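Asks: Following this message is one structure expressed as structure tokens.
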Amino acid sequence: HELRKGKSASPTSFRLTEKFILLLVFSAFITLCFGAIFFLPDSTKLLRELNYSLALKRHIGQTALLQALTLGRYEIKSLLNKNICRQSFLLSTFSIMSTNCFSPSIYILQSKHYKESCAFTFPNRSKSSINGMMQFSWDNYKRYAWGSNELRPVSKQGHSSNLFGSLKGATIVDALDTLYIMEMYDEFEAATEWVERNLDFNMNAEISVFEVNIRFVGGLLSAYYLSGKEVFRRKAVELGEKLLPAFKTPTGIPWALLNLKSGIGRNWPWASGGSSILAEYGTLHLEFMHLSALSGRPVFAEKVMNIRKVLNRLDKPQGLYPNYLNPNSGQWGQHHVSVGGLGDSFYEYLLKAWLMSDKTDEEGKKLYYDALQAIEKNLIRKSSGGLTYIAEWKGGLLEHKMGHLTCFAGGMIALGADGAPDDKTGHQMELAAEITRTCHESYTRTSMKLGPEAFRFDGGVEAIATRQNEKYFILRPEVIETYMYMWRFTHDPKYRQWGWEAVQALEKYCRVVGGYSGVRDVYANTPNHDDVQQSFYLAETLKYLYLLFSDDDHLPFEHWVFNTEAHPLPVIKKQNPEIANQLK
Ligand code: DMJ
């Protein structure tokens, strides 16, 4: 009982002591915390950075980004570099993030696209950056060169090459589908209105049949298939009809040049023995098949099927197709063979003819795989440093040079690998990957990280341009096109990383106040601009970049093939007997 008594007395006094001690510890802790806030280095900066990074991390989007932008250029840069990229590196599966922080300039371009810009994963953010590049190219074209074929971004005026004669609006027609795919609908509407009111083919103009076909006919067809607007179908067929007189030759092999008014054709004066060019007459097939499908007139399909007939009758040296063919005699000109300039898209169209026919055009398939076999045997070589390249063939002798144009072949070979005969799928995928690596090397070995027009594998160099007139870069798409195909087929993140490297280089060296310009020497430290924003930059380079960072179900290969100017054309399904029959 006493004990109980004693126990009942002591707890009260202990509780008081305990309370006192607790109070002491608590006040010491508070003092320490205050001390920390005042004495830790740069505490406010830490808090501010933490706030912004959290805000961005939570995808707050528009508001957070606008707030970040008002902080000023340097702070944005440090925020982006220190926080976004580091965190993305930790959060993302793409290790490339650590080295590929986007530049604020790209970000600031995104006037209309803040929402997407703040999406946190690598692909989405990159996609919106490409959107910003398209916006910038388009806005400047519209501002300084509206209606002209191309823009001169340094002198801020219109530009036209002799490829289009007095035909107008190449950039508008070439860019239509890119605008649509990137959901730039206001711009697409403005372009549509221009086509409706101003695109006119009734003129005394001598044009390149190939260029007008791939850019104008191809651009109009894609715009029609994407938007369903009748004006594009009508204009495409009208232009196709204007091109038909080019086939009035003894063999039906078309002229390279055609006067749209008189219907008189001729060939390039520089072409061997008055020949037509393989990559030109061999790159009409996809568009002309669609013209027949859309017009109900078999004449277009007949013209291109006849080209095949003529080629099938000819002997091929080593199974190869020379670049020159005389349209009068039906005989080869000089025995020069190339998978780059003068030959390139002929091979591409054999494969794509088969794919676009829903794999019913067996002849196209055989011609493609046979040609590829001959190319592998006679043109493809490996350098001593282990780089696989596609050389040029001149009467049996190899020139160990590969063009930027040839780099599309990585993508083409990957696209065809699945259907390769004799279990060659794996081999062809490896070949495609090796060619892609070589083309990437041609970029990394320059100061600007942009590829030269042609690079060599002789005289002690590998994947480097040695001649001054081969060192230029004119915003060409082929290397990026190949990255896009390789990404789709392998999902190896290095292809996106390489694409992103190209974006950074384009921003750094090709972007000028009035648009994007080519450069004269990619090995120089500062750019000497050529003052041309090529229409294929908007049609191809930016579209392929955008697709590289898009999901695979964006224009899936199962349903679409891209013409050689990156204009998507739908596969003509077997189940559509009406159209399929018209094309037989
Ligand atoms: C484009 O007009 C087409 O890709 C064509 O097939 C060849 N080259 C240019 C772009 O480099």
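Naming works like this for the structure tokens: A, B, ... for the chains as they're shown, residue 1 at the start of each chain, ligands 1 onward in shown order.
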Write out as a PyMOL selection string the set of residues from segment 379-436 of chain A that DSSP, computed on the backbone, places in alpha helix (DSSP H).
Replies: chain A and resi 408-417+425-436
Asks: Now that the selection is made, can you save its residues with all heavy atoms as a short mmCIF file (atom, residue, chain, number, x, y, z; two decimals), in the first residue's frame?
Replies:
```cif
data_model
loop_
_atom_site.label_atom_id
_atom_site.label_comp_id
_atom_site.auth_asym_id
_atom_site.auth_seq_id
_atom_site.Cartn_x
_atom_site.Cartn_y
_atom_site.Cartn_z
N PHE A 408 20.31 6.90 -97.41
CA PHE A 408 18.92 6.45 -97.28
C PHE A 408 18.87 4.92 -97.30
O PHE A 408 17.89 4.32 -96.83
CB PHE A 408 18.06 7.01 -98.44
CG PHE A 408 18.05 6.09 -99.64
CD1 PHE A 408 16.99 5.22 -99.85
CD2 PHE A 408 19.12 6.04 -100.51
CE1 PHE A 408 16.99 4.33 -100.92
CE2 PHE A 408 19.13 5.15 -101.58
CZ PHE A 408 18.07 4.31 -101.79
N ALA A 409 19.92 4.29 -97.87
CA ALA A 409 19.90 2.84 -98.09
C ALA A 409 19.83 2.04 -96.79
O ALA A 409 19.28 0.93 -96.77
CB ALA A 409 21.13 2.41 -98.89
N GLY A 410 20.34 2.60 -95.70
CA GLY A 410 20.21 1.91 -94.40
C GLY A 410 18.73 1.66 -94.10
O GLY A 410 18.30 0.55 -93.79
N GLY A 411 17.94 2.71 -94.26
CA GLY A 411 16.49 2.61 -94.00
C GLY A 411 15.82 1.68 -94.98
O GLY A 411 14.96 0.88 -94.62
N MET A 412 16.22 1.79 -96.25
CA MET A 412 15.58 0.94 -97.27
C MET A 412 15.86 -0.53 -96.99
O MET A 412 14.94 -1.37 -97.03
CB MET A 412 16.12 1.32 -98.66
CG MET A 412 15.61 0.42 -99.77
SD MET A 412 16.35 0.80 -101.37
CE MET A 412 18.00 0.13 -101.18
N ILE A 413 17.11 -0.85 -96.68
CA ILE A 413 17.46 -2.26 -96.46
C ILE A 413 16.73 -2.79 -95.22
O ILE A 413 16.22 -3.91 -95.20
CB ILE A 413 18.99 -2.43 -96.37
CG1 ILE A 413 19.61 -2.09 -97.75
CG2 ILE A 413 19.36 -3.85 -95.96
CD1 ILE A 413 21.12 -1.98 -97.78
N ALA A 414 16.60 -1.94 -94.19
CA ALA A 414 15.86 -2.37 -92.99
C ALA A 414 14.39 -2.61 -93.33
O ALA A 414 13.78 -3.59 -92.90
CB ALA A 414 15.98 -1.31 -91.90
N LEU A 415 13.83 -1.72 -94.15
CA LEU A 415 12.42 -1.85 -94.52
C LEU A 415 12.16 -3.13 -95.31
O LEU A 415 11.10 -3.76 -95.17
CB LEU A 415 12.00 -0.62 -95.36
CG LEU A 415 10.56 -0.56 -95.87
CD1 LEU A 415 9.57 -0.44 -94.71
CD2 LEU A 415 10.36 0.62 -96.83
N GLY A 416 13.15 -3.53 -96.11
CA GLY A 416 12.96 -4.73 -96.93
C GLY A 416 13.39 -6.02 -96.24
O GLY A 416 13.11 -7.11 -96.74
N ALA A 417 14.07 -5.90 -95.11
CA ALA A 417 14.69 -7.10 -94.50
C ALA A 417 13.66 -8.18 -94.19
O ALA A 417 13.92 -9.37 -94.39
CB ALA A 417 15.45 -6.70 -93.24
N THR A 425 16.87 -12.25 -93.58
CA THR A 425 16.34 -11.13 -92.80
C THR A 425 17.37 -10.59 -91.80
O THR A 425 17.65 -9.39 -91.77
CB THR A 425 15.05 -11.56 -92.06
OG1 THR A 425 14.11 -11.98 -93.04
CG2 THR A 425 14.47 -10.42 -91.24
N GLY A 426 17.93 -11.50 -91.02
CA GLY A 426 18.90 -11.09 -89.99
C GLY A 426 20.10 -10.42 -90.63
O GLY A 426 20.56 -9.36 -90.18
N HIS A 427 20.60 -11.03 -91.70
CA HIS A 427 21.77 -10.48 -92.38
C HIS A 427 21.48 -9.06 -92.89
O HIS A 427 22.29 -8.15 -92.73
CB HIS A 427 22.15 -11.40 -93.54
CG HIS A 427 23.09 -10.77 -94.51
ND1 HIS A 427 24.43 -10.55 -94.21
CD2 HIS A 427 22.89 -10.25 -95.75
CE1 HIS A 427 25.01 -9.93 -95.23
NE2 HIS A 427 24.09 -9.75 -96.18
N GLN A 428 20.30 -8.89 -93.49
CA GLN A 428 19.99 -7.56 -94.04
C GLN A 428 19.79 -6.52 -92.94
O GLN A 428 20.14 -5.35 -93.11
CB GLN A 428 18.77 -7.65 -94.97
CG GLN A 428 19.09 -8.44 -96.23
CD GLN A 428 18.09 -8.25 -97.35
OE1 GLN A 428 17.14 -7.50 -97.24
NE2 GLN A 428 18.31 -8.97 -98.44
N MET A 429 19.26 -6.95 -91.80
CA MET A 429 19.14 -5.99 -90.68
C MET A 429 20.52 -5.56 -90.19
O MET A 429 20.75 -4.40 -89.87
CB MET A 429 18.33 -6.60 -89.52
CG MET A 429 16.83 -6.43 -89.62
SD MET A 429 16.25 -4.78 -90.08
CE MET A 429 16.69 -3.81 -88.65
N GLU A 430 21.43 -6.54 -90.15
CA GLU A 430 22.81 -6.20 -89.71
C GLU A 430 23.46 -5.23 -90.71
O GLU A 430 24.11 -4.26 -90.32
CB GLU A 430 23.67 -7.46 -89.64
CG GLU A 430 23.57 -8.15 -88.30
CD GLU A 430 24.14 -9.56 -88.36
OE1 GLU A 430 25.14 -9.77 -89.07
OE2 GLU A 430 23.56 -10.44 -87.70
N LEU A 431 23.24 -5.54 -91.99
CA LEU A 431 23.81 -4.67 -93.02
C LEU A 431 23.25 -3.25 -92.88
O LEU A 431 23.99 -2.25 -92.93
CB LEU A 431 23.46 -5.26 -94.40
CG LEU A 431 23.95 -4.51 -95.62
CD1 LEU A 431 25.47 -4.43 -95.62
CD2 LEU A 431 23.47 -5.23 -96.91
N ALA A 432 21.94 -3.16 -92.67
CA ALA A 432 21.30 -1.85 -92.51
C ALA A 432 21.91 -1.11 -91.32
O ALA A 432 22.22 0.09 -91.40
CB ALA A 432 19.79 -2.02 -92.33
N ALA A 433 22.12 -1.84 -90.22
CA ALA A 433 22.68 -1.21 -89.01
C ALA A 433 24.10 -0.73 -89.25
O ALA A 433 24.50 0.34 -88.79
CB ALA A 433 22.63 -2.20 -87.85
N GLU A 434 24.86 -1.53 -90.01
CA GLU A 434 26.26 -1.13 -90.28
C GLU A 434 26.32 0.13 -91.15
O GLU A 434 27.12 1.03 -90.92
CB GLU A 434 27.01 -2.28 -90.97
CG GLU A 434 27.38 -3.38 -89.99
CD GLU A 434 28.11 -4.53 -90.69
OE1 GLU A 434 28.80 -4.29 -91.70
OE2 GLU A 434 27.98 -5.66 -90.21
N ILE A 435 25.45 0.16 -92.16
CA ILE A 435 25.44 1.34 -93.03
C ILE A 435 25.02 2.58 -92.22
O ILE A 435 25.59 3.66 -92.36
CB ILE A 435 24.49 1.11 -94.23
CG1 ILE A 435 25.11 0.07 -95.15
CG2 ILE A 435 24.21 2.40 -94.99
CD1 ILE A 435 24.19 -0.47 -96.21
N THR A 436 24.06 2.39 -91.34
CA THR A 436 23.60 3.51 -90.51
C THR A 436 24.75 4.01 -89.63
O THR A 436 24.95 5.22 -89.47
CB THR A 436 22.41 3.08 -89.63
OG1 THR A 436 21.49 2.38 -90.44
CG2 THR A 436 21.74 4.28 -88.98
#
```
Asks: To check your reading of the model: which residues sit at most 8 Å from ligand 1 when counting only C-alpha atoms and all ligand atoms? Write the answer as a list in words.
Replies: Glu211, Ile214, Arg215, Ala279, Gly341, Asp344, Ser345, His404, Leu405, Ile474, Leu475, Arg476, Pro477, Glu478, Phe536, Tyr537, Glu540, Thr564, Glu565 and Ala566 of chain A
Asks: So what do you get for atom CA of Glu453 of chain A versus atom CA of His285 of chain A, distance-wise?
Replies: 26.8 Å
Asks: Please list as a PDB file with all heavy atoms, in the first residue's frame every residue within 8 Å of Ser137 of chain A, counting only C-alpha atoms and excluding residues in the same chain fewer than 4 positions away.
Replies:
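Written output follows (around36.pdb):
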```
ATOM      1  N   MET A 133      10.695  23.634 -84.567  1.00  0.00           N
ATOM      2  CA  MET A 133      11.572  23.877 -85.718  1.00  0.00           C
ATOM      3  C   MET A 133      10.734  24.047 -86.989  1.00  0.00           C
ATOM      4  O   MET A 133      11.015  24.895 -87.833  1.00  0.00           O
ATOM      5  CB  MET A 133      12.555  22.710 -85.887  1.00  0.00           C
ATOM      6  CG  MET A 133      13.544  22.592 -84.744  1.00  0.00           C
ATOM      7  SD  MET A 133      14.447  21.036 -84.765  1.00  0.00           S
ATOM      8  CE  MET A 133      15.728  21.384 -85.967  1.00  0.00           C
ATOM      9  N   TYR A 141       9.279  31.211 -93.942  1.00  0.00           N
ATOM     10  CA  TYR A 141       8.936  31.070 -95.365  1.00  0.00           C
ATOM     11  C   TYR A 141       7.719  31.948 -95.670  1.00  0.00           C
ATOM     12  O   TYR A 141       7.677  32.667 -96.663  1.00  0.00           O
ATOM     13  CB  TYR A 141       8.648  29.590 -95.700  1.00  0.00           C
ATOM     14  CG  TYR A 141       7.988  29.440 -97.044  1.00  0.00           C
ATOM     15  CD1 TYR A 141       8.731  29.565 -98.221  1.00  0.00           C
ATOM     16  CD2 TYR A 141       6.600  29.246 -97.154  1.00  0.00           C
ATOM     17  CE1 TYR A 141       8.122  29.493 -99.474  1.00  0.00           C
ATOM     18  CE2 TYR A 141       5.987  29.170 -98.387  1.00  0.00           C
ATOM     19  CZ  TYR A 141       6.749  29.293 -99.545  1.00  0.00           C
ATOM     20  OH  TYR A 141       6.138  29.229-100.770  1.00  0.00           O
ATOM     21  N   GLY A 515      15.223  31.606 -90.730  1.00  0.00           N
ATOM     22  CA  GLY A 515      14.888  30.218 -91.086  1.00  0.00           C
ATOM     23  C   GLY A 515      16.070  29.291 -90.872  1.00  0.00           C
ATOM     24  O   GLY A 515      16.905  29.519 -89.999  1.00  0.00           O
ATOM     25  N   TYR A 516      16.149  28.240 -91.686  1.00  0.00           N
ATOM     26  CA  TYR A 516      17.277  27.301 -91.621  1.00  0.00           C
ATOM     27  C   TYR A 516      18.009  27.321 -92.956  1.00  0.00           C
ATOM     28  O   TYR A 516      17.372  27.349 -94.012  1.00  0.00           O
ATOM     29  CB  TYR A 516      16.786  25.877 -91.329  1.00  0.00           C
ATOM     30  CG  TYR A 516      16.276  25.715 -89.913  1.00  0.00           C
ATOM     31  CD1 TYR A 516      14.959  26.007 -89.599  1.00  0.00           C
ATOM     32  CD2 TYR A 516      17.127  25.276 -88.897  1.00  0.00           C
ATOM     33  CE1 TYR A 516      14.490  25.875 -88.294  1.00  0.00           C
ATOM     34  CE2 TYR A 516      16.672  25.133 -87.592  1.00  0.00           C
ATOM     35  CZ  TYR A 516      15.348  25.440 -87.291  1.00  0.00           C
ATOM     36  OH  TYR A 516      14.898  25.302 -86.008  1.00  0.00           O
ATOM     37  N   LEU A 538      11.502  20.783 -95.019  1.00  0.00           N
ATOM     38  CA  LEU A 538      10.180  20.726 -94.365  1.00  0.00           C
ATOM     39  C   LEU A 538       9.447  19.420 -94.707  1.00  0.00           C
ATOM     40  O   LEU A 538       8.736  18.856 -93.877  1.00  0.00           O
ATOM     41  CB  LEU A 538       9.310  21.918 -94.786  1.00  0.00           C
ATOM     42  CG  LEU A 538       9.782  23.286 -94.294  1.00  0.00           C
ATOM     43  CD1 LEU A 538      10.780  23.901 -95.267  1.00  0.00           C
ATOM     44  CD2 LEU A 538       8.635  24.249 -94.093  1.00  0.00           C
TER      45      LEU A 538
END
```
Asks: When you count only C-alpha atoms, which of these residues is closest to Ala256 of chain A: A:Leu286, A:Val304, A:Ile30, A:Val212?
Replies: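 Distance minimum relative to Ala256 of chain A lands on A:Val212.
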Asks: Write out as number ranges by chain each polymer residue whose atoms come within 10 Å of segment 462-465 of chain A, counting only C-alpha atoms; drop sequence neighbours fewer than 6 positions from it.
Replies: A: 383-389, 400-403, 438-446, 451-456, 471-472, 521-523
Asks: Which residues are close to segment 326-337 of chain A, i.e. within 8 Å by only C-alpha atoms, leaving aside same-chain residues fewer than 2 positions away? Reply as a list in words.
Replies: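 My list of contacting residues is Thr249, Pro250, Thr251, Gly252, Ile253, Pro254, Trp255, Ser272, Gly273, Gly274, Ser275, Ser276, Val310, Leu314, Leu320, Tyr321, Pro322, Asn323, Tyr324, Val339, Gly343, Glu392, Trp393, Lys394 and Gly395 of chain A.
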Asks: At what distance in Å, to one decimal, does atom CA of Leu167 of chain A lie from atom CA of Ile207 of chain A?
Replies: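 Answer for the atom CA of Ile207 of chain A to atom CA of Leu167 of chain A separation: 7.8 Å.
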